[in-house]
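Participant: For reference, this is start_26.txt, and it has compact mmCIF, C-alpha atoms.
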# COMPACT_ATOMS: atom_id res chain seq x y z
CA MET C 1 -7.70 -25.88 11.15
CA LEU C 2 -9.78 -28.11 8.93
CA VAL C 3 -7.69 -30.70 7.13
CA PHE C 4 -8.83 -32.49 3.96
CA THR C 5 -7.27 -35.05 1.68
CA ARG C 6 -7.83 -34.05 -1.94
CA ARG C 7 -6.71 -35.75 -5.13
CA ARG C 8 -5.88 -34.08 -8.40
CA HIS C 9 -8.87 -32.18 -9.87
CA GLU C 10 -10.74 -32.37 -6.57
CA ALA C 11 -11.82 -29.16 -4.89
CA ILE C 12 -12.97 -27.61 -1.66
CA ARG C 13 -15.71 -25.03 -1.52
CA ILE C 14 -15.67 -22.26 1.07
CA GLY C 15 -19.12 -20.78 1.30
CA ASP C 16 -20.90 -20.61 -2.03
CA ARG C 17 -18.47 -18.22 -3.69
CA ILE C 18 -14.99 -19.63 -3.18
CA GLU C 19 -13.51 -22.76 -4.71
CA VAL C 20 -10.02 -24.13 -4.09
CA ARG C 21 -9.05 -26.82 -6.60
CA VAL C 22 -5.96 -29.02 -6.80
CA LEU C 23 -4.77 -28.77 -10.41
CA ARG C 24 -1.49 -30.62 -10.33
CA ILE C 25 0.58 -32.43 -7.75
CA GLY C 26 4.33 -32.39 -8.22
CA ARG C 27 7.24 -33.65 -6.17
CA ASP C 28 7.85 -30.34 -4.38
CA GLY C 29 4.70 -28.36 -4.98
CA VAL C 30 1.01 -28.43 -5.53
CA ARG C 31 -0.61 -26.22 -8.15
CA ILE C 32 -3.82 -24.80 -6.80
CA GLY C 33 -6.55 -22.85 -8.55
CA ILE C 34 -8.63 -20.40 -6.56
CA THR C 35 -11.95 -19.12 -7.81
CA ALA C 36 -13.19 -16.24 -5.69
CA PRO C 37 -15.34 -13.16 -6.22
CA PRO C 38 -13.46 -9.95 -7.02
CA ASP C 39 -14.01 -8.45 -3.59
CA VAL C 40 -12.08 -11.27 -1.90
CA PRO C 41 -8.34 -10.55 -2.00
CA VAL C 42 -6.22 -13.62 -2.70
CA HIS C 43 -2.45 -13.42 -2.18
CA ARG C 44 0.44 -15.76 -1.71
CA GLU C 45 1.10 -15.66 2.01
CA GLU C 46 4.76 -14.66 1.67
CA ILE C 47 3.88 -11.58 -0.40
CA TYR C 48 1.42 -10.34 2.16
CA ASP C 49 3.92 -11.04 4.97
CA GLU C 50 6.68 -9.23 3.11
CA ILE C 51 4.57 -6.13 2.53
CA ARG C 52 3.40 -6.14 6.13
CA ALA C 53 6.98 -6.33 7.39
CA ALA C 54 8.02 -3.52 5.03
CA ASN C 55 5.13 -1.35 6.24
CA ARG C 56 5.98 -1.94 9.90
CA ALA C 57 9.61 -1.03 9.24
CA ALA C 58 8.57 2.14 7.42
CA VAL C 59 6.79 4.09 10.13
CA ALA C 60 7.83 7.65 9.48
CA PRO C 61 9.98 9.98 11.54
CA GLN C 62 8.29 12.99 13.15
CA GLY C 63 9.33 16.56 12.61
CA ASP C 64 10.95 18.47 9.81
CA LEU C 65 11.11 16.61 6.55
CA SER C 66 12.83 19.33 4.58
CA ALA C 67 16.33 17.87 5.03
CA LEU C 68 15.10 14.50 3.83
CA ALA C 69 13.26 16.12 0.95
CA GLU C 70 16.40 18.00 0.00
CA ARG C 71 18.21 14.67 -0.39
CA LEU C 72 15.55 13.50 -2.79
CA ARG C 73 15.58 16.71 -4.81
CA ARG C 74 19.32 16.38 -5.33
CA PRO C 75 20.08 14.66 -8.65
CA MET F 1 -6.26 16.88 -1.04
CA PRO F 2 -3.46 16.38 -0.31
CA VAL F 3 -3.75 18.82 2.57
CA ASP F 4 -1.17 21.57 2.56
CA GLN F 5 -0.39 22.08 6.21
CA ASP F 6 1.29 20.89 9.32
CA ALA F 7 -0.82 18.47 11.32
CA SER F 8 0.30 19.42 14.80
CA SER F 9 -2.48 21.65 16.19
CA PRO F 10 -5.89 20.33 17.30
CA ASP F 11 -7.72 22.83 15.06
CA VAL F 12 -5.79 21.63 12.08
CA ARG F 13 -6.49 18.03 13.05
CA GLU F 14 -10.20 18.68 13.12
CA GLY F 15 -9.98 20.14 9.64
CA LEU F 16 -8.01 17.13 8.54
CA ALA F 17 -10.70 14.75 9.68
CA ARG F 18 -12.86 16.23 6.95
CA ASN F 19 -10.15 15.38 4.45
CA ALA F 20 -9.74 11.84 5.66
CA VAL F 21 -9.10 9.04 3.25
CA THR F 22 -10.77 5.79 4.24
CA PHE F 23 -8.85 2.55 3.84
CA PRO F 24 -11.60 -0.08 4.10
CA ASP F 25 -9.07 -2.90 4.60
CA GLY F 26 -6.51 -0.90 6.54
CA ILE F 27 -2.91 -1.38 5.45
CA PRO F 28 -1.06 -4.68 5.94
CA GLY F 29 0.48 -4.52 9.41
CA PHE F 30 -1.90 -1.69 10.34
CA GLU F 31 -5.22 -3.34 9.66
CA ALA F 32 -6.89 -1.40 12.48
CA CYS F 33 -6.05 1.97 10.90
CA ARG F 34 -8.89 2.86 8.60
CA ARG F 35 -8.70 6.63 8.29
CA PHE F 36 -5.66 8.54 7.11
CA VAL F 37 -4.82 12.02 5.88
CA LEU F 38 -2.32 12.78 3.16
CA LEU F 39 -0.18 15.79 4.05
CA ALA F 40 2.06 17.76 1.78
CA ALA F 41 4.10 20.88 2.44
CA ASP F 42 6.11 22.90 -0.07
CA SER F 43 9.19 22.68 2.15
CA SER F 44 9.15 18.90 2.02
CA ALA F 45 8.14 18.37 -1.61
CA PRO F 46 8.24 15.84 -3.23
CA LEU F 47 7.74 13.99 0.06
CA GLN F 48 4.28 13.48 1.42
CA ARG F 49 3.11 12.09 4.69
CA LEU F 50 0.25 9.65 5.17
CA GLU F 51 -0.90 9.73 8.76
CA ALA F 52 -3.50 7.66 10.58
CA ILE F 53 -6.07 9.79 12.40
CA GLU F 54 -7.79 6.88 14.12
CA GLY F 55 -6.66 3.73 15.85
CA PRO F 56 -3.02 2.85 16.46
CA GLU F 57 -0.46 5.51 15.62
CA ALA F 58 0.89 5.12 12.14
CA ALA F 59 2.50 7.54 9.74
CA PHE F 60 4.33 6.91 6.53
CA LEU F 61 6.55 9.00 4.34
CA GLY F 62 6.01 8.56 0.69
CA ILE F 63 6.46 9.86 -2.79
CA ASP F 64 4.59 9.56 -6.05
CA PRO F 65 6.27 6.48 -7.58
CA ARG F 66 6.04 8.10 -11.02
CA LEU F 67 8.55 10.68 -9.76
CA VAL F 68 10.91 7.87 -8.77
CA LEU F 69 10.76 5.90 -11.98
CA ALA F 70 9.64 7.43 -15.26
CA GLY F 71 7.08 5.18 -16.86
CA TYR F 72 6.10 3.55 -13.59
CA ARG F 73 2.74 1.92 -13.79
CA CYS F 74 0.88 -0.36 -11.46
CA ARG F 75 -1.82 -2.61 -12.80
CA LEU F 76 -4.99 -2.69 -10.77
CA THR F 77 -7.19 -5.74 -10.62
CA GLU F 78 -10.94 -5.58 -10.81
CA ALA F 79 -10.93 -6.15 -7.05
CA ASP F 80 -8.64 -3.13 -6.53
CA LEU F 81 -10.80 -0.87 -8.68
CA ARG F 82 -13.95 -2.02 -6.97
CA ALA F 83 -12.44 -1.45 -3.52
CA LEU F 84 -11.38 2.05 -4.57
CA GLY F 85 -14.79 2.84 -6.02
CA ALA F 86 -12.96 3.61 -9.25
CA ASP F 87 -12.97 2.49 -12.85
CA SER F 88 -10.14 2.38 -15.36
CA GLU F 89 -10.77 6.04 -16.27
CA THR F 90 -10.47 7.41 -12.73
CA THR F 91 -7.41 9.53 -11.99
CA LEU F 92 -5.82 8.13 -8.86
CA LEU F 93 -3.17 9.47 -6.51
CA TRP F 94 -0.17 7.21 -5.95
CA PHE F 95 2.01 7.00 -2.88
CA ALA F 96 5.05 4.73 -2.55
CA ILE F 97 6.04 4.25 1.07
CA ILE F 98 9.59 5.39 1.87
CA SER F 99 11.67 4.01 4.68
CA ALA F 100 15.05 4.96 6.04
CA GLU F 101 17.27 1.98 6.69
CA ALA F 102 19.76 1.76 9.56
CA ASP F 103 22.61 3.16 7.44
CA GLY F 104 20.49 6.10 6.25
CA THR F 105 19.69 4.64 2.84
CA LEU F 106 16.25 5.70 1.69
CA VAL F 107 14.22 3.05 -0.06
CA ALA F 108 10.80 3.28 -1.67
CA ASN F 109 8.37 0.40 -1.88
CA LEU F 110 7.49 0.40 -5.56
CA ARG F 111 6.12 -3.12 -5.38
CA ALA F 112 3.06 -2.34 -3.29
CA PRO F 113 2.06 1.30 -3.75
CA ILE F 114 -0.89 2.97 -2.10
CA ALA F 115 -3.58 4.13 -4.49
CA ILE F 116 -6.08 6.80 -3.47
CA ASN F 117 -9.24 7.69 -5.32
CA PRO F 118 -9.56 11.44 -4.56
CA GLN F 119 -13.15 11.56 -5.80
CA ARG F 120 -14.32 9.03 -3.24
CA MET F 121 -11.53 9.55 -0.66
CA ILE F 122 -10.85 5.83 -0.56
CA GLY F 123 -7.39 4.32 -0.37
CA ARG F 124 -5.87 0.90 -0.66
CA GLN F 125 -2.42 -0.62 -0.70
CA VAL F 126 -2.11 -2.54 -3.94
CA LEU F 127 -0.35 -5.92 -3.80
CA PRO F 128 0.33 -6.93 -7.38
CA ASP F 129 1.21 -10.54 -7.99
CA ASP F 130 3.46 -9.77 -10.93
CA GLY F 131 6.34 -8.31 -8.89
CA LEU F 132 7.49 -5.94 -11.65
CA TYR F 133 8.98 -3.49 -9.17
CA PRO F 134 11.02 -4.03 -5.99
CA ILE F 135 9.90 -3.54 -2.41
CA ARG F 136 13.27 -1.87 -1.78
CA HIS F 137 14.03 0.62 -4.52
CA VAL F 138 17.04 2.66 -3.39
CA LEU F 139 16.52 6.41 -3.75
CA GLY F 140 19.32 8.77 -4.63
CA GLY F 141 21.01 11.17 -2.21
CA LYS F 142 23.08 10.07 0.74
CA ALA F 143 22.50 11.36 4.27
Have the structure of the file written as structure tokens, please.
Facilitator:
Amino acid sequence: MLVFTRRRHEAIRIGDRIEVRVLRIGRDGVRIGITAPPDVPVHREEIYDEIRAANRAAVAPQGDLSALAERLRRP
Amino acid sequence: MPVDQDASSPDVREGLARNAVTFPDGIPGFEACRRFVLLAADSSAPLQRLEAIEGPEAAFLGIDPRLVLAGYRCRLTEADLRALGADSETTLLWFAIISAEADGTLVANLRAPIAINPQRMIGRQVLPDDGLYPIRHVLGGKA
């Protein structure tokens, strides 16, 4: 991992299309601004991790789904 | 699309490959799965099944989130639309992944639905930052 020291308003550039800028430094958090082209997905890590865990837990049962479907059709 | 049949026989599978939906980025946790088919059968409506036809085995049960919550809407970013080869006018298919928890409770992931552009056969799991809807939305009907 590359490690940099940055002060407020200073930035890091990743390639020529991505900029990561320190906007504000607080006691418990740092506010960061990301500028990236629209084809580069940017997510908070915990959101991605949460969705990945939910997907892994969701792998579907094989076989007849009609009983399960019946439960969903019931009001 | 979705395909109205059971995916068990090899002949059917070959037919399905022609109806494959490509997920250019895979799905979080299943990044190596790039091609899926969406299966629906009358007997299991409104459930659908999204099954990987390449790479590691993966299959998800799901439902159109608009059938779960009236007025459900998921905002797509420019990046999402571009990845789907869609614009704001394109009619997309929506699939909220369902999972069965240990006690039999069925929950639907309304937070991060899968969007499919049926014109281009491209799919993508959308990860909105706004968090309007829960990852675990409990569905009615006990086991």
Participant: Taking all atoms listed in the file into account, find every residue of chain F that has an atom no more than 8 Å from chain C, and write it out as a short mmCIF file (atom, residue, chain, number, x, y, z; two decimals) with C-alpha atoms, in the frame of the given file.
Facilitator:
data_model
loop_
_atom_site.label_atom_id
_atom_site.label_comp_id
_atom_site.auth_asym_id
_atom_site.auth_seq_id
_atom_site.Cartn_x
_atom_site.Cartn_y
_atom_site.Cartn_z
CA ILE F 27 -2.91 -1.38 5.45
CA PRO F 28 -1.06 -4.68 5.94
CA GLY F 29 0.48 -4.52 9.41
CA PHE F 30 -1.90 -1.69 10.34
CA SER F 43 9.19 22.68 2.15
CA SER F 44 9.15 18.90 2.02
CA ALA F 45 8.14 18.37 -1.61
CA PRO F 46 8.24 15.84 -3.23
CA LEU F 47 7.74 13.99 0.06
CA ALA F 58 0.89 5.12 12.14
CA ALA F 59 2.50 7.54 9.74
CA PHE F 60 4.33 6.91 6.53
CA LEU F 61 6.55 9.00 4.34
CA GLU F 78 -10.94 -5.58 -10.81
CA ALA F 79 -10.93 -6.15 -7.05
CA ARG F 82 -13.95 -2.02 -6.97
CA ALA F 83 -12.44 -1.45 -3.52
CA ILE F 97 6.04 4.25 1.07
CA ILE F 98 9.59 5.39 1.87
CA SER F 99 11.67 4.01 4.68
CA ALA F 100 15.05 4.96 6.04
CA ASN F 109 8.37 0.40 -1.88
CA ALA F 112 3.06 -2.34 -3.29
CA LEU F 127 -0.35 -5.92 -3.80
CA ASP F 129 1.21 -10.54 -7.99
CA ILE F 135 9.90 -3.54 -2.41
CA LEU F 139 16.52 6.41 -3.75
CA GLY F 140 19.32 8.77 -4.63
CA GLY F 141 21.01 11.17 -2.21
CA LYS F 142 23.08 10.07 0.74
CA ALA F 143 22.50 11.36 4.27
#
Participant: For a quick check of understanding, using all atoms listed in the file, which of F:Tyr133, F:Ser88, F:Arg18, F:Gly62 has the smallest distance to F:Asn117?
Facilitator: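 Of all the options, F:Ser88 lies closest to F:Asn117.
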Participant: So how many Å separate atom CA of F:Ile114 and atom CA of F:Ala41, to one decimal?
Facilitator: 19.1 Å
Participant: Give me, please, the distance in Å between atom CA of F:Gly26 and atom CA of C:Ile32, quoted to one decimal.
Facilitator: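 Straight-line distance from atom CA of F:Gly26 to atom CA of C:Ile32 works out to 27.5 Å.
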Participant: For atom CA of C:Val20 and atom CA of F:Arg75, quote the distance in Å rounded to one decimal.
Facilitator: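 A separation of 24.6 Å between them.
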Participant: Considering all atoms listed in the file, return as a tab-separated table (two decimals) with C-alpha atoms, in the frame of the given file whatever protein or nucleic-acid residues lie within 9 Å of F:Tyr72, sequence-local ones (same chain, fewer than 5 positions apart) excluded.
Facilitator:
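Result written to selection-v1.tsv:
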chain	number	residue	atom	x	y	z
F	65	PRO	CA	6.27	6.48	-7.58
F	66	ARG	CA	6.04	8.10	-11.02
F	67	LEU	CA	8.55	10.68	-9.76
F	110	LEU	CA	7.49	0.40	-5.56
F	133	TYR	CA	8.98	-3.49	-9.17
Participant: Which centre and edge lengths in Å to one decimal define the box along x, y and z that fits every listed atom of stretch 51-64 of chain F plus 8 Å per side, as AutoDock Vina command-line options?
Facilitator:
--center_x -0.6 --center_y 6.4 --center_z 5.2 --size_x 30.3 --size_y 23.0 --size_z 38.5
Participant: My list of candidates is F:Glu54, F:Glu101, F:Glu31, F:Asp80. Which is closest to F:Pro113 when distances are computed with only C-alpha atoms?
Facilitator: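 Smallest distance to F:Pro113 is found for F:Asp80.
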